[in-house]
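**Student:** Input structure: work-v1.cif, which contains mmCIF, C-alpha atoms and all ligand atoms.
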```
data_protein
loop_
_atom_site.label_atom_id
_atom_site.label_comp_id
_atom_site.auth_asym_id
_atom_site.auth_seq_id
_atom_site.Cartn_x
_atom_site.Cartn_y
_atom_site.Cartn_z
CA MET A 1 47.80 139.75 100.91
CA LYS A 2 49.42 143.11 100.11
CA ILE A 3 47.33 144.52 97.29
CA LEU A 4 47.63 147.60 95.09
CA VAL A 5 44.46 148.86 93.42
CA THR A 6 44.87 151.57 90.79
CA GLY A 7 41.66 153.46 90.00
CA ALA A 8 40.41 152.83 93.54
CA SER A 9 38.90 156.32 93.71
CA GLY A 10 36.66 155.40 90.76
CA PHE A 11 33.43 153.42 90.54
CA ILE A 12 34.63 149.79 90.16
CA GLY A 13 37.97 150.25 91.95
CA GLY A 14 36.15 151.74 94.94
CA HIS A 15 33.81 148.75 95.25
CA LEU A 16 36.78 146.37 94.83
CA ALA A 17 39.03 148.11 97.38
CA GLU A 18 36.23 148.17 99.98
CA GLU A 19 35.55 144.44 99.51
CA LEU A 20 39.26 143.54 99.71
CA VAL A 21 39.61 145.48 102.98
CA ARG A 22 36.44 143.74 104.28
CA ARG A 23 38.13 140.39 103.57
CA GLY A 24 41.11 141.35 105.69
CA HIS A 25 43.64 142.24 102.99
CA GLU A 26 46.15 145.09 103.24
CA VAL A 27 44.98 147.43 100.48
CA ARG A 28 46.92 150.30 98.92
CA ALA A 29 45.12 152.74 96.65
CA LEU A 30 46.95 154.89 94.13
CA VAL A 31 45.22 158.29 94.29
CA ARG A 32 45.74 161.64 92.58
CA SER A 33 45.66 164.97 94.40
CA SER A 34 42.24 165.59 92.79
CA SER A 35 40.81 162.12 93.62
CA LYS A 36 37.86 161.78 95.97
CA THR A 37 39.20 159.60 98.78
CA GLY A 38 36.67 159.88 101.62
CA ARG A 39 35.13 156.42 101.15
CA LEU A 40 38.54 154.75 100.75
CA GLU A 41 39.85 156.34 103.94
CA ARG A 42 36.73 155.36 105.86
CA ALA A 43 37.06 151.80 104.52
CA GLY A 44 40.63 151.59 105.81
CA ALA A 45 42.62 151.51 102.55
CA ALA A 46 46.10 153.10 102.63
CA LEU A 47 46.37 155.99 100.19
CA VAL A 48 49.48 156.31 98.02
CA PRO A 49 49.60 159.70 96.29
CA GLY A 50 50.63 159.60 92.64
CA SER A 51 49.46 158.93 89.12
CA LEU A 52 50.07 156.63 86.16
CA GLU A 53 52.38 159.28 84.69
CA ASP A 54 54.51 159.56 87.85
CA LYS A 55 56.95 156.61 87.76
CA ALA A 56 58.35 157.20 91.26
CA SER A 57 54.85 157.07 92.77
CA LEU A 58 54.14 153.81 90.90
CA ALA A 59 57.34 152.26 92.24
CA ALA A 60 56.30 153.16 95.80
CA ALA A 61 52.72 151.95 95.25
CA ALA A 62 53.75 148.60 93.72
CA SER A 63 56.57 147.93 96.19
CA GLY A 64 56.26 144.45 97.74
CA ALA A 65 52.74 143.87 96.35
CA ASP A 66 51.37 140.31 96.10
CA TRP A 67 48.44 141.23 93.88
CA ILE A 68 47.92 144.27 91.66
CA PHE A 69 44.53 145.20 90.23
CA HIS A 70 45.05 147.76 87.49
CA LEU A 71 41.83 149.66 86.86
CA ALA A 72 42.97 153.28 86.46
CA ALA A 73 42.11 154.48 82.97
CA VAL A 74 40.68 157.39 81.08
CA ILE A 75 37.30 156.37 79.75
CA HIS A 76 36.08 159.56 78.11
CA ALA A 77 38.84 161.79 76.76
CA PRO A 78 38.83 164.52 74.14
CA SER A 79 41.82 163.11 72.25
CA TRP A 80 43.66 159.90 71.34
CA GLU A 81 46.80 161.38 72.97
CA THR A 82 45.07 161.39 76.38
CA HIS A 83 44.08 157.71 76.02
CA LEU A 84 47.60 156.90 74.87
CA SER A 85 49.24 158.72 77.75
CA ALA A 86 47.04 157.47 80.63
CA SER A 87 45.74 154.07 79.56
CA VAL A 88 48.62 152.82 77.39
CA GLU A 89 51.80 154.55 78.59
CA GLY A 90 50.41 154.52 82.14
CA THR A 91 50.06 150.74 81.94
CA ARG A 92 53.64 150.46 80.64
CA ASN A 93 54.87 152.64 83.55
CA LEU A 94 53.05 150.43 86.05
CA LEU A 95 54.42 147.21 84.52
CA GLU A 96 57.96 148.60 84.68
CA ALA A 97 57.43 149.65 88.30
CA CYS A 98 56.25 146.10 89.15
CA ALA A 99 59.35 144.60 87.58
CA ARG A 100 61.53 146.86 89.75
CA THR A 101 59.76 146.82 93.10
CA ALA A 102 57.38 143.84 93.25
CA PRO A 103 59.60 140.79 92.64
CA GLY A 104 57.21 138.48 94.52
CA LEU A 105 54.13 139.56 92.54
CA LYS A 106 51.63 136.69 92.36
CA ARG A 107 49.00 138.30 90.14
CA PHE A 108 48.62 141.31 87.84
CA VAL A 109 44.93 141.67 87.02
CA PHE A 110 44.35 144.10 84.18
CA VAL A 111 40.80 145.39 83.83
CA SER A 112 40.24 145.87 80.13
CA SER A 113 36.81 146.17 78.52
CA ILE A 114 34.52 144.66 75.88
CA SER A 115 35.38 147.89 74.01
CA ALA A 116 38.79 146.33 73.25
CA SER A 117 36.97 143.49 71.49
CA GLY A 118 34.51 145.82 69.75
CA PRO A 119 30.80 145.40 69.04
CA SER A 120 29.25 142.00 68.36
CA GLY A 121 26.73 141.19 65.69
CA ARG A 122 23.01 140.97 66.32
CA GLY A 123 22.31 137.89 68.48
CA VAL A 124 25.99 136.83 68.34
CA LEU A 125 27.93 136.36 71.58
CA LYS A 126 31.56 137.37 70.97
CA LYS A 127 34.23 135.11 72.46
CA GLU A 128 37.61 136.13 73.86
CA ASP A 129 39.56 134.92 70.82
CA ASP A 130 37.24 136.38 68.17
CA PRO A 131 38.97 139.14 66.17
CA CYS A 132 39.12 142.45 68.06
CA ARG A 133 37.69 145.43 66.19
CA PRO A 134 37.44 148.36 68.60
CA ILE A 135 35.48 151.35 67.31
CA SER A 136 36.57 154.01 69.81
CA ASP A 137 39.85 155.53 70.98
CA TYR A 138 39.02 154.10 74.41
CA GLY A 139 38.70 150.58 72.96
CA ARG A 140 41.84 150.96 70.82
CA GLY A 141 43.77 152.14 73.91
CA LYS A 142 42.52 149.16 75.94
CA LEU A 143 43.57 146.74 73.20
CA LEU A 144 47.07 148.25 73.05
CA ALA A 145 47.34 148.09 76.84
CA GLU A 146 46.25 144.41 76.76
CA LYS A 147 49.09 143.69 74.32
CA LEU A 148 51.60 145.45 76.59
CA VAL A 149 50.46 143.31 79.53
CA ARG A 150 50.60 140.05 77.52
CA ASP A 151 54.03 140.79 76.01
CA PHE A 152 55.69 142.48 78.98
CA GLU A 153 57.78 139.60 80.27
CA PRO A 154 57.23 135.85 80.26
CA LYS A 155 57.18 135.57 84.06
CA LEU A 156 54.50 138.22 84.71
CA PRO A 157 51.47 136.35 86.18
CA TRP A 158 48.89 138.40 84.27
CA VAL A 159 45.14 138.00 83.82
CA ILE A 160 42.97 140.21 81.61
CA LEU A 161 39.29 140.71 82.34
CA ARG A 162 36.88 142.30 79.84
CA PRO A 163 33.76 143.51 81.67
CA PRO A 164 30.68 144.68 79.74
CA ASN A 165 28.45 147.58 80.89
CA VAL A 166 28.83 147.44 84.65
CA LEU A 167 25.94 148.68 86.77
CA GLY A 168 26.13 149.67 90.41
CA ALA A 169 25.89 152.47 92.91
CA ARG A 170 28.01 155.49 91.92
CA GLU A 171 28.28 154.53 88.21
CA ARG A 172 27.99 157.49 85.79
CA GLU A 173 25.15 156.30 83.52
CA VAL A 174 23.27 154.97 86.54
CA LYS A 175 23.67 158.35 88.28
CA PHE A 176 22.33 160.03 85.14
CA VAL A 177 19.28 157.75 84.98
CA LEU A 178 18.58 158.18 88.71
CA SER A 179 18.79 161.95 88.53
CA ALA A 180 16.43 161.97 85.53
CA LEU A 181 13.96 159.67 87.31
CA ARG A 182 14.19 161.84 90.41
CA ALA A 183 13.03 164.72 88.18
CA ARG A 184 10.21 162.39 86.95
CA VAL A 185 11.70 162.01 83.49
CA LYS A 186 12.34 158.55 82.04
CA PRO A 187 15.08 158.69 79.38
CA VAL A 188 14.71 156.23 76.48
CA LEU A 189 18.18 154.75 75.97
CA GLY A 190 18.85 153.15 72.59
CA ARG A 191 16.55 151.10 70.39
CA LYS A 192 14.42 148.34 71.82
CA GLU A 193 16.23 145.68 69.81
CA ALA A 194 19.81 146.94 70.41
CA GLN A 195 21.15 144.76 73.21
CA SER A 196 24.15 144.66 75.48
CA SER A 197 25.72 142.34 78.01
CA PHE A 198 25.61 143.66 81.58
CA LEU A 199 27.08 142.83 84.98
CA MET A 200 26.44 144.14 88.48
CA VAL A 201 29.52 145.62 90.14
CA GLU A 202 29.23 143.29 93.15
CA ASP A 203 29.50 140.30 90.79
CA LEU A 204 32.41 141.87 88.92
CA VAL A 205 34.27 142.30 92.22
CA GLU A 206 33.84 138.55 92.87
CA GLY A 207 35.16 137.81 89.38
CA LEU A 208 38.16 140.08 89.92
CA ILE A 209 39.05 138.37 93.19
CA LEU A 210 38.74 134.94 91.55
CA CYS A 211 41.21 136.12 88.88
CA ALA A 212 43.71 136.86 91.66
CA GLU A 213 43.06 133.73 93.72
CA LYS A 214 42.83 131.00 91.10
CA PRO A 215 46.07 129.69 89.55
CA GLU A 216 44.12 128.68 86.41
CA ALA A 217 43.55 132.39 85.63
CA VAL A 218 47.19 133.17 84.80
CA GLY A 219 47.83 134.01 81.16
CA GLU A 220 44.13 134.10 80.25
CA ILE A 221 41.74 136.71 78.88
CA PHE A 222 38.19 136.46 80.18
CA ASN A 223 34.89 138.05 79.22
CA ILE A 224 32.61 138.36 82.24
CA THR A 225 28.85 138.94 82.05
CA ASP A 226 25.62 137.98 83.82
CA GLY A 227 24.76 135.84 80.79
CA VAL A 228 21.55 137.62 79.77
CA PRO A 229 21.51 140.03 76.79
CA ARG A 230 19.28 143.02 77.48
CA SER A 231 18.21 146.29 75.98
CA TRP A 232 19.31 149.40 77.92
CA ARG A 233 15.63 150.15 78.34
CA GLU A 234 15.27 147.26 80.79
CA PRO A 235 17.36 148.65 83.68
CA VAL A 236 15.75 152.08 83.20
CA ASP A 237 12.24 150.56 83.36
CA ILE A 238 13.10 148.49 86.45
CA LEU A 239 14.69 151.48 88.23
CA ALA A 240 11.59 153.58 87.49
CA ARG A 241 9.37 150.82 88.88
CA LEU A 242 11.53 150.36 92.00
CA LEU A 243 11.38 154.09 92.65
CA GLY A 244 7.61 154.06 92.15
CA ARG A 245 7.78 157.22 90.07
CA ARG A 246 5.28 158.19 87.39
CA CYS A 247 7.54 159.72 84.79
CA LEU A 248 7.34 161.59 81.54
CA THR A 249 9.11 159.66 78.77
CA LEU A 250 12.04 161.48 77.13
CA PRO A 251 12.44 160.05 73.59
CA HIS A 252 15.92 159.11 72.42
CA GLY A 253 16.07 161.85 69.72
CA LEU A 254 15.30 164.58 72.23
CA LEU A 255 17.70 163.07 74.77
CA PHE A 256 20.42 163.11 72.11
CA ALA A 257 19.79 166.79 71.33
CA LEU A 258 19.83 167.67 75.04
CA ALA A 259 23.09 165.72 75.51
CA GLY A 260 24.63 167.82 72.70
CA ALA A 261 23.53 171.05 74.38
CA ALA A 262 24.78 169.78 77.78
CA GLU A 263 28.17 168.90 76.26
CA LEU A 264 28.52 172.45 74.97
CA GLY A 265 27.49 174.02 78.27
CA PHE A 266 29.75 171.74 80.32
CA LYS A 267 32.66 172.34 77.93
CA LEU A 268 32.43 176.07 78.58
CA ALA A 269 32.56 175.30 82.31
CA GLY A 270 35.54 172.91 81.75
CA LYS A 271 33.47 169.88 82.84
CA ARG A 272 31.79 166.83 81.30
CA PRO A 273 28.12 165.81 81.51
CA LEU A 274 27.24 162.39 83.02
CA VAL A 275 26.21 161.10 79.60
CA GLY A 276 27.42 162.40 76.25
CA ARG A 277 26.35 161.79 72.64
CA GLY A 278 29.20 159.28 72.11
CA ALA A 279 27.85 156.93 74.77
CA LEU A 280 24.27 157.37 73.50
CA ARG A 281 25.37 156.53 69.94
CA HIS A 282 27.11 153.36 71.11
CA ILE A 283 24.00 152.28 73.00
CA ARG A 284 21.74 153.06 70.01
CA ASP A 285 23.75 151.79 67.08
CA PHE A 286 25.52 148.60 68.17
CA TYR A 287 25.11 145.20 69.76
CA TRP A 288 27.54 144.56 72.67
CA LEU A 289 27.06 140.87 73.41
CA TYR A 290 29.76 138.60 74.86
CA ASP A 291 30.13 134.95 75.78
CA GLY A 292 31.09 134.72 79.46
CA SER A 293 31.22 130.91 79.64
CA LYS A 294 35.05 130.65 79.73
CA ILE A 295 35.39 132.30 83.17
CA GLU A 296 32.53 130.13 84.47
CA ARG A 297 34.22 126.93 83.21
CA THR A 298 37.79 127.90 84.17
CA LEU A 299 37.37 129.76 87.46
CA GLY A 300 33.89 128.70 88.58
CA PHE A 301 32.55 132.27 88.33
CA LYS A 302 28.79 132.59 88.76
CA PRO A 303 26.93 135.87 89.29
CA PHE A 304 25.28 135.78 92.72
CA LEU A 305 22.88 138.71 92.23
CA THR A 306 19.81 138.74 90.03
CA PHE A 307 19.45 141.83 87.84
CA GLU A 308 16.57 143.06 90.01
CA GLU A 309 18.57 142.53 93.24
CA GLY A 310 21.48 144.54 91.83
CA LEU A 311 19.20 147.41 90.81
CA THR A 312 17.50 147.27 94.22
CA ASN A 313 20.93 147.69 95.86
CA ILE A 314 21.52 150.76 93.67
CA VAL A 315 18.21 152.33 94.65
CA ARG A 316 18.88 151.58 98.33
CA GLU A 317 22.31 153.18 98.22
CA SER A 318 20.99 156.23 96.36
CA GLY A 319 18.56 156.94 99.22
CA LEU A 320 15.74 157.24 96.69
CA GLU A 321 13.55 154.29 97.78
CA ARG A 322 9.79 154.51 97.38
CA GLY A 323 8.43 157.04 99.82
CA SER A 324 11.91 158.21 100.86
CA ARG A 325 12.46 161.96 101.06
CA THR A 326 16.26 161.85 100.86
CA SER A 327 17.92 162.75 97.61
CA ALA A 328 20.62 160.98 95.60
CA LYS A 329 24.21 161.66 96.61
N1 LIG B 401 32.25 151.17 84.24
C1 LIG B 401 32.10 150.23 83.32
O1 LIG B 401 30.97 149.93 82.90
C2 LIG B 401 33.31 149.53 82.76
C3 LIG B 401 33.11 148.54 81.80
C4 LIG B 401 34.22 147.86 81.29
C5 LIG B 401 35.50 148.17 81.74
N2 LIG B 401 35.66 149.16 82.65
C6 LIG B 401 37.04 149.45 83.09
O2 LIG B 401 37.08 149.38 84.50
C7 LIG B 401 38.03 150.33 85.01
C8 LIG B 401 37.35 151.21 86.03
O3 LIG B 401 36.25 151.86 85.41
P1 LIG B 401 35.31 152.84 86.25
O4 LIG B 401 33.98 152.83 85.60
O5 LIG B 401 35.43 152.54 87.68
O6 LIG B 401 36.01 154.24 85.93
P2 LIG B 401 36.03 155.60 86.75
O7 LIG B 401 34.96 155.63 87.77
O8 LIG B 401 36.09 156.68 85.73
O9 LIG B 401 37.44 155.51 87.50
C9 LIG B 401 38.64 155.70 86.82
C10 LIG B 401 39.75 155.67 87.83
O10 LIG B 401 41.00 155.82 87.17
C11 LIG B 401 41.73 156.85 87.83
N3 LIG B 401 42.64 157.48 86.87
C12 LIG B 401 42.36 157.98 85.64
N4 LIG B 401 43.47 158.49 85.08
C13 LIG B 401 44.48 158.29 85.96
C14 LIG B 401 45.86 158.60 85.96
N5 LIG B 401 46.43 159.22 84.92
N6 LIG B 401 46.60 158.26 87.04
C15 LIG B 401 46.02 157.63 88.10
N7 LIG B 401 44.72 157.33 88.17
C16 LIG B 401 43.95 157.65 87.11
C17 LIG B 401 40.67 157.80 88.34
O11 LIG B 401 41.21 158.64 89.33
P3 LIG B 401 40.45 159.99 89.80
O12 LIG B 401 39.46 159.57 90.83
O13 LIG B 401 41.54 160.83 90.33
O14 LIG B 401 39.79 160.58 88.57
C18 LIG B 401 39.66 156.80 88.86
O15 LIG B 401 40.07 156.30 90.12
C19 LIG B 401 38.56 151.10 83.80
O16 LIG B 401 39.79 150.52 83.43
C20 LIG B 401 37.50 150.85 82.75
O17 LIG B 401 38.06 150.90 81.47
C21 LIG B 401 34.61 149.85 83.17
#
```
Would you encode the structure as C-alpha cells?
**Tutor:**
Amino acid sequence: MKILVTGASGFIGGHLAEELVRRGHEVRALVRSSSKTGRLERAGAALVPGSLEDKASLAAAASGADWIFHLAAVIHAPSWETHLSASVEGTRNLLEACARTAPGLKRFVFVSSISASGPSGRGVLKKEDDPCRPISDYGRGKLLAEKLVRDFEPKLPWVILRPPNVLGAREREVKFVLSALRARVKPVLGRKEAQSSFLMVEDLVEGLILCAEKPEAVGEIFNITDGVPRSWREPVDILARLLGRRCLTLPHGLLFALAGAAELGFKLAGKRPLVGRGALRHIRDFYWLYDGSKIERTLGFKPFLTFEEGLTNIVRESGLERGSRTSAK
C-alpha cells in the first residue's frame, strides 16, 4: 500500500511509520524543516517536506495514497489560534488535498484523542457516543477536527480513533519520569484515586493498522484502551522498580511548584518543559476512563502487551536497565 503518515516525526507517528515500513508498505512521511527525521530515514520512509499549513506540500504528500494516517497536531500550544490553525485548519487542508490528489483513497484514519470526549466520571467508562465535553483548547480543537472529517464528503472512507494516555519509548511524560528516576527522584503524579485509561504505543499501532485494513472500520469512531483503569502512580512505581533505583519521593505539590518555575525558565529560553502544570492538573483533578469494547467487538482489537511488558520495552529502549551505565537518549 502507498501510505501517507502525517506526524511521523513525532512519538506515535514514528512508531507507526516504522511498523508500516517493516510490514513492506511504501511509507511517505510529511516532515517540517525543523522535524527530527533520523529514525524515519534509517527506517526507510520517504520524506516529503511540508506542513499542514502548506497546501501544495499536502497535495504532493497525499498524491496517489491508498491509506492516510493523520496524526500531526499541536498538543501543547500557548493559544487557541495555534490549535485552530494546525489541528483544525490543517486537517481541512489535508482533506482538501486528498480530494484533489488521492482519488483512490481507501482509508483516512484520523487520530483524535479522549480529550475530544472530555473527562469521565469516577468509575464511569465513557463510550464513543456519550456527550463530548472537552475541557482544553486541545480537546476542543480535536472535536472540531473530528467534525470536519465526518462531514467532509460522503465518499471519504474515514475512521476516527480516540487513544487515551499512550505510553512508549520517546513519549514526553515517560521521558520526564525516566529522567527524574535517573536522578533518583520519584515524582508523585496525581492523586491515588484519580484514574486514567492507558495504552502502550505498540498496541495502538496495531489498532491503527486494523482501522486501515478492516472494512468494518469505515465511518466509525473508536475509543481504544488496554481495558484497565489505573492511577498515574502505577507506571511510575513500575518504572522505578524495573530500574532498580532507590529514589527520593517528590510530592505532587512540590512537583507542581517546580513545573511552574520550569515553565517560566523555559519560556525565557523560548522552549517548553517536558511536563507543565496543565498536564499535572489534568492528571490530578480528573478521571479519564473510556470503554474500549467497541473496537474489540468490531475490529477484533486486543492489546498484545501486558502493562509490565510495555514498560519493560520502554526501559530497554532508554538504555537505563538495572546495572546499565548508559544514559537515556
Ligand atoms: N501521546 C498521547 O498520549 C496521545 C494520546 C491521544 C491522542 N494523541 C494524538 O496522537 C497524535 C500524535 O501524538 P504524539 O504524542 O505522537 O505527538 P508529538 O510527538 O507531539 O508529534 C506531533 C507531530 O505532529 C507534527 N506537527 C505538528 N504541527 C504540525 C504542522 N503544523 N505541520 C506538520 N506537522 C506538524 C510534529 O512535527 P515536528 O516533529 O516537526 O514537531 C510531530 O511529527 C496527535 O494527533 C495527538 O493528538 C496522542
**Student:** Any residue with an atom at most 6 Å from ligand LIG 401 (chain B) counts, using only C-alpha atoms and all ligand atoms. Which are they? Put them as a count of residues only.
**Tutor:** 28
**Student:** Which is closer to Ala262 (chain A) than all the others in A:Phe307, A:Val88, A:Leu47, A:Arg277, using all atoms listed in the file?
**Tutor:**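 Ranking A:Phe307, A:Val88, A:Leu47, A:Arg277 by distance to Ala262 (chain A), first place goes to A:Arg277.
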**Student:** Please report the interatomic distance between CA of Phe110 (chain A) and CA of Val21 (chain A) in Å with one decimal.
**Tutor:**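 About the pair CA of Phe110 (chain A) and CA of Val21 (chain A): they are 19.4 Å apart.
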**Student:** Would you pick out the contacts of Glu146 (chain A) at 12 Å or less, using only C-alpha atoms, so that residues sharing its chain but fewer than 3 positions from it are not included, and give the list as a PyMOL selection string?
**Tutor:** chain A and resi 70+87-89+91-92+95+108-117+132+139-143+149-152+158-162+219-222
**Student:** Take the residues from that selection and put them in a file with C-alpha atoms, as a PDB file, keeping the file's coordinate frame.
**Tutor:**
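Output contents, as saved in out.pdb:
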```
ATOM      1  CA  HIS A  70      45.050 147.760  87.490  1.00  0.00           C
ATOM      2  CA  SER A  87      45.740 154.070  79.560  1.00  0.00           C
ATOM      3  CA  VAL A  88      48.620 152.820  77.390  1.00  0.00           C
ATOM      4  CA  GLU A  89      51.800 154.550  78.590  1.00  0.00           C
ATOM      5  CA  THR A  91      50.060 150.740  81.940  1.00  0.00           C
ATOM      6  CA  ARG A  92      53.640 150.460  80.640  1.00  0.00           C
ATOM      7  CA  LEU A  95      54.420 147.210  84.520  1.00  0.00           C
ATOM      8  CA  PHE A 108      48.620 141.310  87.840  1.00  0.00           C
ATOM      9  CA  VAL A 109      44.930 141.670  87.020  1.00  0.00           C
ATOM     10  CA  PHE A 110      44.350 144.100  84.180  1.00  0.00           C
ATOM     11  CA  VAL A 111      40.800 145.390  83.830  1.00  0.00           C
ATOM     12  CA  SER A 112      40.240 145.870  80.130  1.00  0.00           C
ATOM     13  CA  SER A 113      36.810 146.170  78.520  1.00  0.00           C
ATOM     14  CA  ILE A 114      34.520 144.660  75.880  1.00  0.00           C
ATOM     15  CA  SER A 115      35.380 147.890  74.010  1.00  0.00           C
ATOM     16  CA  ALA A 116      38.790 146.330  73.250  1.00  0.00           C
ATOM     17  CA  SER A 117      36.970 143.490  71.490  1.00  0.00           C
ATOM     18  CA  CYS A 132      39.120 142.450  68.060  1.00  0.00           C
ATOM     19  CA  GLY A 139      38.700 150.580  72.960  1.00  0.00           C
ATOM     20  CA  ARG A 140      41.840 150.960  70.820  1.00  0.00           C
ATOM     21  CA  GLY A 141      43.770 152.140  73.910  1.00  0.00           C
ATOM     22  CA  LYS A 142      42.520 149.160  75.940  1.00  0.00           C
ATOM     23  CA  LEU A 143      43.570 146.740  73.200  1.00  0.00           C
ATOM     24  CA  VAL A 149      50.460 143.310  79.530  1.00  0.00           C
ATOM     25  CA  ARG A 150      50.600 140.050  77.520  1.00  0.00           C
ATOM     26  CA  ASP A 151      54.030 140.790  76.010  1.00  0.00           C
ATOM     27  CA  PHE A 152      55.690 142.480  78.980  1.00  0.00           C
ATOM     28  CA  TRP A 158      48.890 138.400  84.270  1.00  0.00           C
ATOM     29  CA  VAL A 159      45.140 138.000  83.820  1.00  0.00           C
ATOM     30  CA  ILE A 160      42.970 140.210  81.610  1.00  0.00           C
ATOM     31  CA  LEU A 161      39.290 140.710  82.340  1.00  0.00           C
ATOM     32  CA  ARG A 162      36.880 142.300  79.840  1.00  0.00           C
ATOM     33  CA  GLY A 219      47.830 134.010  81.160  1.00  0.00           C
ATOM     34  CA  GLU A 220      44.130 134.100  80.250  1.00  0.00           C
ATOM     35  CA  ILE A 221      41.740 136.710  78.880  1.00  0.00           C
ATOM     36  CA  PHE A 222      38.190 136.460  80.180  1.00  0.00           C
TER      37      PHE A 222
END
```
**Student:** Mind giving me the straight-line distance from CA of Leu58 (chain A) to CA of Ala97 (chain A) in Å, one decimal?
**Tutor:**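 One can read the CA of Leu58 (chain A) to CA of Ala97 (chain A) distance as 5.9 Å.
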**Student:** Taking only C-alpha atoms into account, produce a table as a Markdown table in which each residue of region 276-311 of chain A with an atom at most 9 Å from an atom of region 198-204 of chain A appears once, together with its shortest atom pair and the distance in Å to one decimal, ordered by chain and rising number.
**Tutor:**
```
| residue | atom | partner | partner_atom | distance |
| --- | --- | --- | --- | --- |
| A:Leu289 | CA | A:Phe198 | CA | 8.8 |
| A:Phe301 | CA | A:Asp203 | CA | 8.9 |
| A:Lys302 | CA | A:Asp203 | CA | 8.0 |
| A:Pro303 | CA | A:Asp203 | CA | 5.3 |
| A:Phe304 | CA | A:Asp203 | CA | 6.5 |
| A:Leu305 | CA | A:Asp203 | CA | 7.0 |
| A:Thr306 | CA | A:Met200 | CA | 8.7 |
| A:Phe307 | CA | A:Met200 | CA | 7.4 |
| A:Gly310 | CA | A:Met200 | CA | 6.0 |
| A:Leu311 | CA | A:Met200 | CA | 8.3 |
```
**Student:** Which residue gives the smallest distance to Ile209 (chain A) among A:Arg107, A:Arg245, A:His282, A:Arg184, with only C-alpha atoms counted?
**Tutor:**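 Closest candidate: A:Arg107.
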**Student:** Here's a test: counting only C-alpha atoms, identify every protein, DNA and RNA residue with an atom at most 12 Å from (10.7, 149.9, 83.1) in the file's coordinate frame, and state them as a PyMOL selection string.
**Tutor:** chain A and resi 177+181+186-189+192+231-247+249+308+311
**Student:** Quick check, in Å to one decimal: how far apart do CA of Asn313 (chain A) and CA of Ala169 (chain A) lie?
**Tutor:**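 Taking CA of Asn313 (chain A) as the start and CA of Ala169 (chain A) as the end point, the length is 7.5 Å.
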**Student:** With distances taken over only C-alpha atoms, which residue among A:Gly270, A:Gly276, A:Gly300, A:Pro157 lies nearest Leu210 (chain A)?
**Tutor:**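 Ranked by minimum distance to Leu210 (chain A), first place goes to A:Gly300.
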**Student:** So, counting only C-alpha atoms, which residue among A:Leu84, A:Val185, A:Ile68, A:Cys98 is closest to Leu144 (chain A)?
**Tutor:**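 For Leu144 (chain A), the nearest of the given residues is A:Leu84.
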**Student:** Which residue out of A:Glu81, A:Arg22, A:Leu148, A:Pro229 has the minimum interatomic distance to Ser197 (chain A) when only C-alpha atoms are used?
**Tutor:**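 That would be A:Pro229, the residue with the smallest distance to Ser197 (chain A).
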**Student:** My list of candidates is A:Pro154, A:Arg191, A:Glu206, A:Trp80. Which is closest to Arg23 (chain A) when distances are computed with only C-alpha atoms?
**Tutor:**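 Going through A:Pro154, A:Arg191, A:Glu206, A:Trp80 one by one, the smallest distance to Arg23 (chain A) is for A:Glu206.
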**Student:** Around region 299-306 of chain A, with edges along x, y and z and 4 Å added on all six sides, what centre and edge lengths do you get, in Å to one decimal, as lines of an AutoDock Vina configuration file?
**Tutor:**
```
center_x = 28.6
center_y = 133.7
center_z = 90.1
size_x = 25.6
size_y = 18.0
size_z = 13.3
```
**Student:** Excluding Gly50 (chain A) and residues on its chain fewer than 4 positions from it, collect all residues at most 10 Å away from it, counting all atoms listed in the file, and give them as a PyMOL selection string.
**Tutor:** chain A and resi 29-33+54-61
**Student:** Please check which residues have atoms at most 6 Å from (14.0, 158.7, 94.6) in the file's coordinates, counting all atoms listed in the file, and write them as a PDB file with C-alpha atoms, keeping the file's coordinate frame.
**Tutor:**
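Here's the written file selection-v8.pdb:
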```pdb
ATOM      1  CA  ARG A 182      14.190 161.840  90.410  1.00  0.00           C
ATOM      2  CA  LEU A 243      11.380 154.090  92.650  1.00  0.00           C
ATOM      3  CA  LEU A 320      15.740 157.240  96.690  1.00  0.00           C
ATOM      4  CA  GLU A 321      13.550 154.290  97.780  1.00  0.00           C
TER       5      GLU A 321
END
```
**Student:** N, CA and C atoms are what I want for region 232-241 of chain A; can you complete it accordingly and write them as a PDB file, in the frame of the given file?
**Tutor:**
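Generated output (selection-v4.pdb):
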```
ATOM      1  N   TRP A 232      19.061 148.414  76.864  1.00  0.00           N
ATOM      2  CA  TRP A 232      19.310 149.400  77.920  1.00  0.00           C
ATOM      3  C   TRP A 232      18.008 149.891  78.541  1.00  0.00           C
ATOM      4  N   ARG A 233      16.905 149.664  77.803  1.00  0.00           N
ATOM      5  CA  ARG A 233      15.630 150.150  78.340  1.00  0.00           C
ATOM      6  C   ARG A 233      15.214 149.368  79.588  1.00  0.00           C
ATOM      7  N   GLU A 234      15.707 148.115  79.670  1.00  0.00           N
ATOM      8  CA  GLU A 234      15.270 147.260  80.790  1.00  0.00           C
ATOM      9  C   GLU A 234      15.702 147.805  82.151  1.00  0.00           C
ATOM     10  N   PRO A 235      17.017 148.117  82.364  1.00  0.00           N
ATOM     11  CA  PRO A 235      17.360 148.650  83.680  1.00  0.00           C
ATOM     12  C   PRO A 235      16.652 149.969  83.997  1.00  0.00           C
ATOM     13  N   VAL A 236      16.422 150.792  82.952  1.00  0.00           N
ATOM     14  CA  VAL A 236      15.750 152.080  83.200  1.00  0.00           C
ATOM     15  C   VAL A 236      14.315 151.815  83.663  1.00  0.00           C
ATOM     16  N   ASP A 237      13.628 150.883  82.985  1.00  0.00           N
ATOM     17  CA  ASP A 237      12.240 150.560  83.360  1.00  0.00           C
ATOM     18  C   ASP A 237      12.180 149.997  84.786  1.00  0.00           C
ATOM     19  N   ILE A 238      13.140 149.108  85.106  1.00  0.00           N
ATOM     20  CA  ILE A 238      13.100 148.490  86.450  1.00  0.00           C
ATOM     21  C   ILE A 238      13.394 149.552  87.516  1.00  0.00           C
ATOM     22  N   LEU A 239      14.380 150.425  87.241  1.00  0.00           N
ATOM     23  CA  LEU A 239      14.690 151.480  88.230  1.00  0.00           C
ATOM     24  C   LEU A 239      13.472 152.368  88.453  1.00  0.00           C
ATOM     25  N   ALA A 240      12.774 152.720  87.358  1.00  0.00           N
ATOM     26  CA  ALA A 240      11.590 153.580  87.490  1.00  0.00           C
ATOM     27  C   ALA A 240      10.528 152.874  88.341  1.00  0.00           C
ATOM     28  N   ARG A 241      10.369 151.573  88.098  1.00  0.00           N
ATOM     29  CA  ARG A 241       9.370 150.820  88.880  1.00  0.00           C
ATOM     30  C   ARG A 241       9.768 150.756  90.347  1.00  0.00           C
TER      31      ARG A 241
END
```
